[in-house]
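The file my_file_36.txt comes next; it holds compact mmCIF, C-alpha atoms and all ligand atoms.
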# COMPACT_ATOMS: atom_id res chain seq x y z
CA MET A 1 20.35 116.87 174.87
CA LEU A 2 16.58 117.18 174.84
CA SER A 3 15.84 118.27 171.32
CA LYS A 4 17.81 116.71 168.56
CA LYS A 5 19.44 118.72 165.83
CA ILE A 6 18.83 117.17 162.47
CA GLY A 7 20.31 118.06 159.07
CA ILE A 8 18.64 116.65 155.97
CA ASP A 9 20.17 116.59 152.49
CA LEU A 10 17.31 115.63 150.25
CA GLY A 11 18.97 115.03 146.90
CA THR A 12 17.59 113.77 143.63
CA SER A 13 19.06 110.31 144.14
CA THR A 14 19.90 110.02 147.82
CA VAL A 15 18.61 111.33 151.12
CA LEU A 16 21.09 111.70 153.95
CA VAL A 17 20.24 112.56 157.51
CA TYR A 18 22.81 113.83 159.96
CA VAL A 19 22.02 113.95 163.66
CA LYS A 20 24.25 116.07 165.86
CA GLY A 21 26.28 113.85 168.15
CA GLU A 22 25.42 110.74 166.15
CA GLY A 23 26.62 111.46 162.61
CA ILE A 24 24.96 110.21 159.42
CA VAL A 25 22.06 107.99 160.46
CA VAL A 26 20.19 107.66 157.16
CA ASN A 27 21.73 107.19 153.71
CA GLU A 28 19.08 105.79 151.39
CA PRO A 29 17.45 106.35 148.02
CA ALA A 30 15.45 109.60 147.95
CA LEU A 31 12.38 107.64 147.04
CA MET A 32 8.90 106.93 148.34
CA ALA A 33 6.43 104.26 147.35
CA THR A 34 2.77 105.18 147.53
CA ASP A 35 -0.41 103.36 146.66
CA GLU A 36 -1.69 103.57 143.09
CA ARG A 37 -3.51 106.84 143.67
CA GLY A 38 -0.51 108.41 145.39
CA ALA A 39 -2.67 108.92 148.49
CA ARG A 40 -0.92 106.75 151.05
CA VAL A 41 2.82 106.34 151.67
CA LEU A 42 3.68 102.64 151.74
CA ALA A 43 7.44 102.81 152.19
CA VAL A 44 10.31 105.28 152.22
CA GLY A 45 13.96 105.05 151.20
CA ARG A 46 15.53 101.61 150.90
CA ALA A 47 12.25 99.92 151.81
CA ALA A 48 10.54 101.83 148.98
CA SER A 49 13.13 100.80 146.46
CA GLU A 50 12.75 97.15 147.55
CA LEU A 51 8.97 97.35 147.36
CA LEU A 52 9.04 98.99 143.92
CA GLY A 53 11.63 96.46 142.75
CA ARG A 54 9.16 93.64 143.43
CA GLY A 55 6.80 95.12 140.84
CA GLY A 56 3.13 95.39 141.73
CA LYS A 57 1.03 98.50 141.73
CA ALA A 58 2.96 100.81 144.05
CA ARG A 59 3.86 104.19 142.60
CA ALA A 60 7.38 105.68 142.82
CA ILE A 61 7.69 109.28 143.95
CA ARG A 62 10.90 111.29 144.07
CA PRO A 63 10.40 114.41 146.24
CA VAL A 64 13.17 116.31 144.44
CA ARG A 65 13.27 116.00 140.69
CA ASP A 66 15.45 117.84 138.26
CA GLY A 67 13.61 120.19 136.07
CA ASP A 68 10.29 119.61 137.81
CA GLY A 69 11.60 121.13 141.04
CA VAL A 70 10.28 120.10 144.40
CA ASP A 71 7.12 118.14 145.21
CA TYR A 72 6.17 119.78 148.53
CA ASP A 73 3.67 117.18 149.64
CA ALA A 74 6.25 114.49 149.03
CA VAL A 75 8.96 116.48 150.84
CA GLY A 76 6.61 116.89 153.80
CA ALA A 77 5.76 113.19 153.87
CA MET A 78 9.40 112.21 153.57
CA VAL A 79 10.57 114.61 156.30
CA GLN A 80 7.74 113.46 158.56
CA HIS A 81 8.77 109.85 158.08
CA LEU A 82 12.46 110.66 158.73
CA ILE A 83 11.70 112.66 161.88
CA GLY A 84 9.54 109.77 163.06
CA ARG A 85 12.39 107.34 162.53
CA ILE A 86 14.83 109.52 164.44
CA VAL A 87 12.84 110.81 167.38
CA GLY A 88 10.16 108.14 167.55
CA ARG A 89 6.42 108.61 167.54
CA GLN A 90 6.43 110.47 170.88
CA ARG A 91 7.00 114.04 169.77
CA ILE A 92 7.66 115.49 173.21
CA PHE A 93 11.01 116.94 172.25
CA ARG A 94 10.52 118.12 168.72
CA PRO A 95 13.76 118.45 166.75
CA ASP A 96 15.37 121.45 165.12
CA VAL A 97 15.59 120.64 161.43
CA MET A 98 17.83 122.17 158.80
CA LEU A 99 17.19 121.23 155.17
CA SER A 100 19.48 121.94 152.26
CA VAL A 101 17.75 123.06 149.11
CA PRO A 102 18.88 123.68 145.56
CA SER A 103 19.87 127.34 145.21
CA MET A 104 17.38 127.99 142.43
CA VAL A 105 14.41 127.18 144.67
CA THR A 106 12.40 130.41 144.89
CA GLY A 107 11.27 132.28 147.99
CA VAL A 108 7.72 130.98 147.70
CA GLU A 109 8.96 127.41 147.32
CA ARG A 110 11.30 127.83 150.29
CA ARG A 111 8.40 128.93 152.43
CA ALA A 112 6.39 125.89 151.33
CA VAL A 113 9.26 123.51 152.19
CA LEU A 114 9.66 125.16 155.61
CA GLU A 115 5.95 124.88 156.30
CA ALA A 116 5.95 121.23 155.26
CA THR A 117 8.88 120.63 157.65
CA MET A 118 7.11 122.36 160.55
CA HIS A 119 3.96 120.40 159.79
CA ALA A 120 6.08 117.24 159.81
CA GLY A 121 6.87 117.84 163.50
CA ALA A 122 9.90 120.12 163.66
CA LYS A 123 10.29 122.58 166.52
CA SER A 124 12.04 124.96 164.18
CA ALA A 125 12.86 124.62 160.49
CA TYR A 126 15.68 126.21 158.55
CA LEU A 127 16.91 126.13 154.98
CA ILE A 128 20.44 126.44 153.71
CA ASP A 129 21.72 126.68 150.15
CA LYS A 130 23.35 123.46 149.06
CA PRO A 131 26.77 124.93 148.13
CA MET A 132 27.01 126.71 151.48
CA ALA A 133 26.16 123.45 153.31
CA ALA A 134 28.67 121.59 151.14
CA ALA A 135 31.42 124.05 152.08
CA ILE A 136 30.60 123.85 155.80
CA GLY A 137 30.53 120.04 155.61
CA ALA A 138 33.90 120.11 153.87
CA ARG A 139 35.13 121.93 157.00
CA VAL A 140 35.73 125.21 155.17
CA PRO A 141 35.57 128.04 157.74
CA VAL A 142 33.00 129.89 155.61
CA ALA A 143 32.58 132.89 157.90
CA THR A 144 36.25 133.82 157.88
CA THR A 145 37.47 132.58 154.52
CA ASP A 146 38.32 135.38 152.09
CA GLY A 147 37.29 133.49 148.97
CA ILE A 148 36.93 129.84 148.04
CA LEU A 149 35.18 127.81 145.36
CA VAL A 150 32.96 124.87 146.11
CA VAL A 151 31.82 122.38 143.49
CA ASN A 152 29.09 119.95 144.57
CA LEU A 153 28.90 117.14 142.04
CA GLY A 154 25.51 115.51 142.58
CA ALA A 155 23.57 112.97 140.58
CA GLY A 156 21.11 115.32 138.90
CA SER A 157 22.96 118.59 139.08
CA THR A 158 26.24 120.28 139.78
CA ASP A 159 26.45 123.44 141.84
CA VAL A 160 29.45 125.71 141.69
CA ALA A 161 29.72 128.62 144.10
CA ALA A 162 32.27 131.17 145.19
CA ILE A 163 32.00 131.92 148.90
CA ALA A 164 33.65 134.65 150.97
CA HIS A 165 32.91 135.76 154.54
CA GLY A 166 29.77 133.65 154.77
CA GLU A 167 28.25 134.97 151.53
CA MET A 168 27.84 133.41 148.12
CA LEU A 169 29.53 135.75 145.67
CA ALA A 170 28.59 133.82 142.56
CA LEU A 171 26.68 130.68 141.76
CA GLU A 172 26.01 128.39 138.82
CA SER A 173 23.74 125.42 139.03
CA ILE A 174 23.62 123.20 135.99
CA ARG A 175 21.47 120.16 135.34
CA ILE A 176 24.48 118.08 134.49
CA GLY A 177 25.66 115.60 137.09
CA GLY A 178 26.49 111.97 137.62
CA ASP A 179 23.31 110.90 135.80
CA SER A 180 24.50 112.78 132.71
CA LEU A 181 27.78 110.87 132.81
CA ASP A 182 25.85 107.59 133.01
CA ARG A 183 23.72 108.58 130.01
CA ALA A 184 26.82 109.55 128.03
CA ILE A 185 28.31 106.10 128.77
CA GLU A 186 25.09 104.38 127.67
CA GLU A 187 25.11 106.30 124.39
CA ALA A 188 28.77 105.59 123.70
CA VAL A 189 28.37 101.87 124.40
CA ALA A 190 25.26 101.74 122.19
CA SER A 191 27.02 103.39 119.28
CA THR A 192 30.32 101.51 119.61
CA HIS A 193 29.03 98.04 120.48
CA GLY A 194 25.43 98.17 119.28
CA VAL A 195 24.08 97.01 122.63
CA ARG A 196 21.97 98.59 125.33
CA LEU A 197 23.09 98.79 128.96
CA PRO A 198 20.36 97.94 131.48
CA PRO A 199 19.70 100.47 134.26
CA GLY A 200 22.60 100.79 136.69
CA GLU A 201 25.25 99.23 134.46
CA ALA A 202 26.61 102.53 133.11
CA GLU A 203 27.00 103.79 136.67
CA ARG A 204 28.82 100.58 137.64
CA LEU A 205 31.17 101.11 134.70
CA LYS A 206 31.75 104.71 135.73
CA VAL A 207 32.57 103.80 139.32
CA ALA A 208 34.75 100.82 138.33
CA THR A 209 36.78 102.29 135.47
CA GLY A 210 35.71 105.90 134.94
CA SER A 211 38.24 108.71 134.98
CA ALA A 212 38.06 112.40 134.17
CA THR A 213 41.59 112.35 132.81
CA VAL A 214 43.17 109.91 130.36
CA PRO A 215 43.91 106.81 132.45
CA ALA A 216 47.62 106.16 133.02
CA ALA A 217 47.14 102.41 132.68
CA GLU A 218 44.40 100.72 130.71
CA THR A 219 41.65 99.07 132.72
CA SER A 220 38.46 97.35 131.69
CA PHE A 221 35.29 96.09 133.28
CA GLU A 222 32.68 93.54 132.34
CA VAL A 223 29.02 94.50 132.29
CA THR A 224 25.77 92.91 131.22
CA ALA A 225 24.28 94.36 128.04
CA ALA A 226 21.25 93.64 125.89
CA ALA A 227 21.80 92.89 122.22
CA ALA A 228 19.42 94.11 119.49
CA ASP A 229 17.58 90.76 119.57
CA GLY A 230 16.98 91.22 123.31
CA ARG A 231 19.43 88.57 124.46
CA ASN A 232 21.76 89.41 127.34
CA LEU A 233 25.47 89.20 126.82
CA GLN A 234 28.63 90.03 128.75
CA LEU A 235 30.60 92.94 127.40
CA ARG A 236 34.05 94.21 128.35
CA VAL A 237 34.41 98.00 128.22
CA SER A 238 37.74 99.79 128.60
CA GLY A 239 38.55 102.69 130.89
CA SER A 240 39.57 104.87 127.95
CA GLU A 241 36.20 104.31 126.27
CA VAL A 242 34.49 105.47 129.46
CA GLN A 243 36.84 108.44 129.79
CA ALA A 244 36.11 109.55 126.22
CA ALA A 245 32.36 109.10 126.75
CA ILE A 246 32.15 111.31 129.85
CA HIS A 247 34.46 114.01 128.52
CA THR A 248 31.67 116.21 127.09
CA PRO A 249 29.50 116.47 130.23
CA LEU A 250 32.67 117.01 132.30
CA LEU A 251 33.61 119.93 130.04
CA ALA A 252 30.20 121.46 130.77
CA ILE A 253 30.98 121.22 134.50
CA ALA A 254 34.40 122.82 133.93
CA SER A 255 32.69 125.66 132.00
CA ALA A 256 30.36 126.32 134.93
CA LEU A 257 33.43 126.59 137.16
CA GLN A 258 35.06 129.02 134.72
CA ARG A 259 31.90 131.15 134.60
CA VAL A 260 31.77 131.39 138.40
CA ILE A 261 35.42 132.43 138.54
CA ALA A 262 34.73 135.05 135.85
CA GLN A 263 31.77 136.44 137.82
CA VAL A 264 33.88 137.09 140.90
CA GLY A 265 35.36 140.59 141.10
CA GLU A 266 39.05 141.09 140.36
CA ASP A 267 39.73 141.91 144.01
CA ARG A 268 38.67 138.42 145.13
CA ARG A 269 40.46 136.49 142.39
CA PRO A 270 43.78 136.21 144.28
CA SER A 271 42.03 134.58 147.25
CA LEU A 272 40.24 132.12 144.95
CA GLN A 273 43.60 131.37 143.42
CA ARG A 274 45.10 130.77 146.84
CA ASN A 275 42.26 128.73 148.36
CA GLY A 276 41.18 126.99 145.16
CA ALA A 277 38.17 124.71 144.86
CA VAL A 278 36.90 122.05 147.21
CA LEU A 279 34.95 119.23 145.55
CA THR A 280 31.98 117.57 147.24
CA GLY A 281 29.16 115.21 146.27
CA GLY A 282 29.35 111.65 145.00
CA GLY A 283 30.79 112.80 141.68
CA ALA A 284 33.89 114.07 143.50
CA MET A 285 34.89 110.41 143.86
CA LEU A 286 35.48 110.12 140.11
CA ARG A 287 39.14 109.44 139.43
CA GLY A 288 41.10 112.44 138.19
CA ILE A 289 38.26 114.93 138.74
CA ALA A 290 40.35 117.30 140.90
CA GLU A 291 43.16 117.31 138.36
CA PHE A 292 40.68 117.85 135.51
CA LEU A 293 38.89 120.79 137.14
CA ALA A 294 42.15 122.32 138.36
CA SER A 295 43.58 122.34 134.85
CA HIS A 296 40.39 123.71 133.25
CA GLY A 297 39.72 126.26 135.98
CA GLY A 298 43.31 127.35 136.39
CA ILE A 299 43.02 127.00 140.18
CA PRO A 300 44.06 124.34 142.69
CA ALA A 301 41.32 121.77 143.45
CA ARG A 302 40.98 119.09 146.11
CA VAL A 303 38.39 116.48 146.99
CA ALA A 304 36.76 116.94 150.41
CA ARG A 305 36.96 114.17 152.96
CA ASP A 306 33.92 111.88 152.65
CA PRO A 307 32.60 114.05 149.81
CA GLN A 308 29.18 112.44 149.47
CA SER A 309 28.30 113.34 153.08
CA CYS A 310 29.43 116.98 153.00
CA VAL A 311 26.05 118.55 152.24
CA ALA A 312 24.28 116.54 154.97
CA VAL A 313 27.02 117.08 157.56
CA GLY A 314 27.22 120.80 156.72
CA THR A 315 23.45 121.09 156.89
CA GLY A 316 23.48 119.70 160.43
CA MET A 317 26.55 121.69 161.47
CA ALA A 318 24.87 124.89 160.28
CA LEU A 319 22.36 124.52 163.13
CA ASP A 320 25.22 125.60 165.40
CA ASN A 321 25.98 128.58 163.18
CA LEU A 322 22.54 130.04 162.79
CA GLN A 323 23.78 133.59 162.34
CA VAL A 324 24.83 132.55 158.82
CA ILE A 325 21.29 131.39 158.08
CA ARG A 326 19.29 134.03 159.91
CA ARG A 327 20.79 136.66 157.69
CA GLY A 328 19.16 134.81 154.81
CA GLN A 329 15.78 134.82 156.63
CA HIS A 330 14.94 131.29 155.56
CA TYR A 331 13.57 129.87 158.74
CA ILE A 332 10.45 129.39 160.82
CA THR A 333 10.28 128.69 164.54
N1 LIG A 401 33.23 106.44 142.81
C1 LIG A 401 32.45 107.21 142.07
N2 LIG A 401 32.89 107.70 140.89
C2 LIG A 401 32.09 108.50 140.14
N3 LIG A 401 30.84 108.86 140.47
C3 LIG A 401 30.36 108.39 141.63
C4 LIG A 401 31.12 107.56 142.48
N4 LIG A 401 30.37 107.25 143.57
C5 LIG A 401 29.18 107.86 143.39
N5 LIG A 401 29.17 108.56 142.23
C6 LIG A 401 28.06 109.33 141.65
O1 LIG A 401 27.68 110.34 142.53
C7 LIG A 401 26.30 110.66 142.28
C8 LIG A 401 25.56 110.72 143.59
O2 LIG A 401 26.08 111.78 144.33
P1 LIG A 401 25.24 112.50 145.46
O3 LIG A 401 24.78 111.50 146.46
O4 LIG A 401 26.08 113.62 145.95
O5 LIG A 401 23.99 113.01 144.60
P2 LIG A 401 22.57 113.55 145.12
O6 LIG A 401 22.80 114.44 146.29
O7 LIG A 401 21.61 112.46 145.32
O8 LIG A 401 22.08 114.37 143.86
P3 LIG A 401 21.79 115.92 143.71
O9 LIG A 401 22.73 116.64 144.62
O10 LIG A 401 22.01 116.21 142.26
O11 LIG A 401 20.38 116.11 144.09
C9 LIG A 401 25.75 109.57 141.38
O12 LIG A 401 25.66 110.06 140.05
C10 LIG A 401 26.82 108.49 141.47
O13 LIG A 401 26.91 107.72 140.28
MG MG A 402 23.34 116.31 146.67
Would it be possible to restate this file's structure as structure tokens?
Amino acid sequence: MLSKKIGIDLGTSTVLVYVKGEGIVVNEPALMATDERGARVLAVGRAASELLGRGGKARAIRPVRDGDGVDYDAVGAMVQHLIGRIVGRQRIFRPDVMLSVPSMVTGVERRAVLEATMHAGAKSAYLIDKPMAAAIGARVPVATTDGILVVNLGAGSTDVAAIAHGEMLALESIRIGGDSLDRAIEEAVASTHGVRLPPGEAERLKVATGSATVPAAETSFEVTAAAADGRNLQLRVSGSEVQAAIHTPLLAIASALQRVIAQVGEDRRPSLQRNGAVLTGGGAMLRGIAEFLASHGGIPARVARDPQSCVAVGTGMALDNLQVIRRGQHYIT
């Protein structure tokens, strides 16, 4: 194979790169470190997070930020770095690159991302909507399926889409994701125990003991917390405390699912009922999430295999199914 086919899932927290025939080759923080003026890229991904962790004057840049949208220059720099890592400095065989973007990114912004990708050394550049990529990566036969729901539970946002015959019938993208669950845990711990969790501890609690449904057996987990006087202490938090804390943001996700189902025409409802929802993204690894969304959505729900990779894998796989993309006209060659 002369030119590589590369799929890039540039998320708010993580960047994944899938290379056809090789699989996921990059899974690192979606972060860059630049000099103080933001003029020169010093490090990307894991190296950037290590550099920034050491303190100093480097500046942290996240190419995709919730609310603030996409920083094109940063996307371009990041993609250029990633292409360089994968195909080397010799750009004789430039790669075909497919990028997944949040669905709310506008036409003008899409064009800018494509141009940045071409400028970064791609032979051809394509964009795909995140939920569509998630479904493809979850091995849903999107072109032939008569109606299915996909819920991508990311860090910064959750996307819910209904897909039939290669088209998105309905879509909701909410700025509630894994980060919101972490914040809810921090708030609950602060109000119950009067201590502050340092960065990362709420997420550790969520992964260790979190559950969308009431846990069958009680669990608990010890974390480091900062008392009001600033001293660090060890604190044991129970699974049911975590479950109660994340209930509200999870209900918001369930509501988005209900709204998408409601937007789909009556004629498609039976197929949604039959095929249910497939859950992707890191948040799909939360215990009980399929059960929770199934009961609130009134449809069957299942977690995709390797859910956190679905968007990246689907983004790369879509390069072999370009007819799906070309219809959307989001490409440059
Ligand atoms: N076992 C787990 N249980 C619950 N949540 C988890 C688990 N593992 C990872 N997560 C959460 O998944 C989220 C990361 O998922 P993912 O990598 O899909 O997000 P992202 O693509 O970077 O973000 P976005 O799609 O919003 O831009 C984080 O909030 C993380 O805490
Ligand atoms: Mg994502």
All residues having an atom within 12 Å of ligand MG 402 (chain A) (all atoms listed in the file) as a VMD selection string: chain A and resid 8 to 17 27 29 to 30 64 to 66 99 to 103 129 to 131 133 to 134 151 to 159 173 177 to 178 280 to 284 307 to 315
Please produce an output containing C-alpha atoms for each residue in the selection, written as a compact mmCIF listing (two decimals), keeping the file's coordinate frame.
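Once written, out_21.txt looks like this:
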# COMPACT_ATOMS: atom_id res chain seq x y z
CA ILE A 8 18.64 116.65 155.97
CA ASP A 9 20.17 116.59 152.49
CA LEU A 10 17.31 115.63 150.25
CA GLY A 11 18.97 115.03 146.90
CA THR A 12 17.59 113.77 143.63
CA SER A 13 19.06 110.31 144.14
CA THR A 14 19.90 110.02 147.82
CA VAL A 15 18.61 111.33 151.12
CA LEU A 16 21.09 111.70 153.95
CA VAL A 17 20.24 112.56 157.51
CA ASN A 27 21.73 107.19 153.71
CA PRO A 29 17.45 106.35 148.02
CA ALA A 30 15.45 109.60 147.95
CA VAL A 64 13.17 116.31 144.44
CA ARG A 65 13.27 116.00 140.69
CA ASP A 66 15.45 117.84 138.26
CA LEU A 99 17.19 121.23 155.17
CA SER A 100 19.48 121.94 152.26
CA VAL A 101 17.75 123.06 149.11
CA PRO A 102 18.88 123.68 145.56
CA SER A 103 19.87 127.34 145.21
CA ASP A 129 21.72 126.68 150.15
CA LYS A 130 23.35 123.46 149.06
CA PRO A 131 26.77 124.93 148.13
CA ALA A 133 26.16 123.45 153.31
CA ALA A 134 28.67 121.59 151.14
CA VAL A 151 31.82 122.38 143.49
CA ASN A 152 29.09 119.95 144.57
CA LEU A 153 28.90 117.14 142.04
CA GLY A 154 25.51 115.51 142.58
CA ALA A 155 23.57 112.97 140.58
CA GLY A 156 21.11 115.32 138.90
CA SER A 157 22.96 118.59 139.08
CA THR A 158 26.24 120.28 139.78
CA ASP A 159 26.45 123.44 141.84
CA SER A 173 23.74 125.42 139.03
CA GLY A 177 25.66 115.60 137.09
CA GLY A 178 26.49 111.97 137.62
CA THR A 280 31.98 117.57 147.24
CA GLY A 281 29.16 115.21 146.27
CA GLY A 282 29.35 111.65 145.00
CA GLY A 283 30.79 112.80 141.68
CA ALA A 284 33.89 114.07 143.50
CA PRO A 307 32.60 114.05 149.81
CA GLN A 308 29.18 112.44 149.47
CA SER A 309 28.30 113.34 153.08
CA CYS A 310 29.43 116.98 153.00
CA VAL A 311 26.05 118.55 152.24
CA ALA A 312 24.28 116.54 154.97
CA VAL A 313 27.02 117.08 157.56
CA GLY A 314 27.22 120.80 156.72
CA THR A 315 23.45 121.09 156.89
Can you tell me, as number ranges by chain, what residues are no more than 8 Å from A:Ile246 when counting all atoms listed in the file, ignoring any on the same chain fewer than 3 positions away? A: 181-182, 184-185, 212, 242-243, 249-250
Which residue of A:Val214, A:Val142, A:Ala226, A:Gly121 approaches A:Phe93 most closely, using only C-alpha atoms: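 For A:Phe93, the nearest of the given residues is A:Gly121.
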Using only C-alpha atoms and all ligand atoms, pick whichever of A:Asp146, A:Glu222, A:Asp179, A:Glu291 has the shortest atom-to-atom distance to ligand LIG 401 (chain A).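 Among A:Asp146, A:Glu222, A:Asp179, A:Glu291, it is A:Asp179 that comes nearest to ligand LIG 401 (chain A).
Compared by their closest atoms to A:Val19, and using all atoms listed in the file, the residues A:Ala112, A:Leu205, A:Met98, A:Ala227 rank with A:Met98 nearest.
Nearest to A:Ala116 of all the residues A:Ala202, A:Met132, A:Val79, A:Val97 is A:Val79, counting only C-alpha atoms.
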For a test of reading the model, state the distance in Å between atom CA of A:Val140 and atom CA of A:Glu109, rounded to one decimal.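 Interatomic distance here is 28.0 Å.
In this structure, atom CA of A:Gly137 sits 13.7 Å away from atom P1 of ligand LIG 401 (chain A).
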Looking at only C-alpha atoms, which of A:Gly56, A:Gly107, A:Pro198, A:Gly297 is the one that sits closest to A:Leu127? A:Gly107
Could you work out how far atom CA of A:Arg274 lies from atom O1 of ligand LIG 401 (chain A), giving the answer in Å with one decimal?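 Those two atoms sit 27.2 Å apart.
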Selection near A:Ile86, 12 Å with all atoms listed in the file, sequence-local residues under 3 positions removed, as a list of chain:residue names: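 In the requested format, the answer is A:Ser3, A:Lys4, A:Lys5, A:Ile6, A:Gly7, A:Ile8, A:Val17, A:Tyr18, A:Val19, A:Lys20, A:Glu22, A:Ile24, A:Val25, A:Val26, A:Val79, A:Gln80, A:His81, A:Leu82, A:Ile83, A:Arg89, A:Gln90, A:Arg91, A:Phe93, A:Arg94, A:Pro95, A:Asp96, A:Val97, A:Gly121, A:Ala122.
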Among listed residues A:Gly210, A:Gly230, A:Pro63, A:Gly316, nearest ligand LIG 401 (chain A) (using all atoms listed in the file): A:Gly210
Write out as a list of chain:residue names each polymer residue whose atoms come within 7 Å of A:Glu172, counting all atoms listed in the file; drop sequence neighbours fewer than 2 positions from it.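 Everything that qualifies: A:Asp159, A:Val160, A:Ala161, A:Ile174, A:Ala256, A:Val260.
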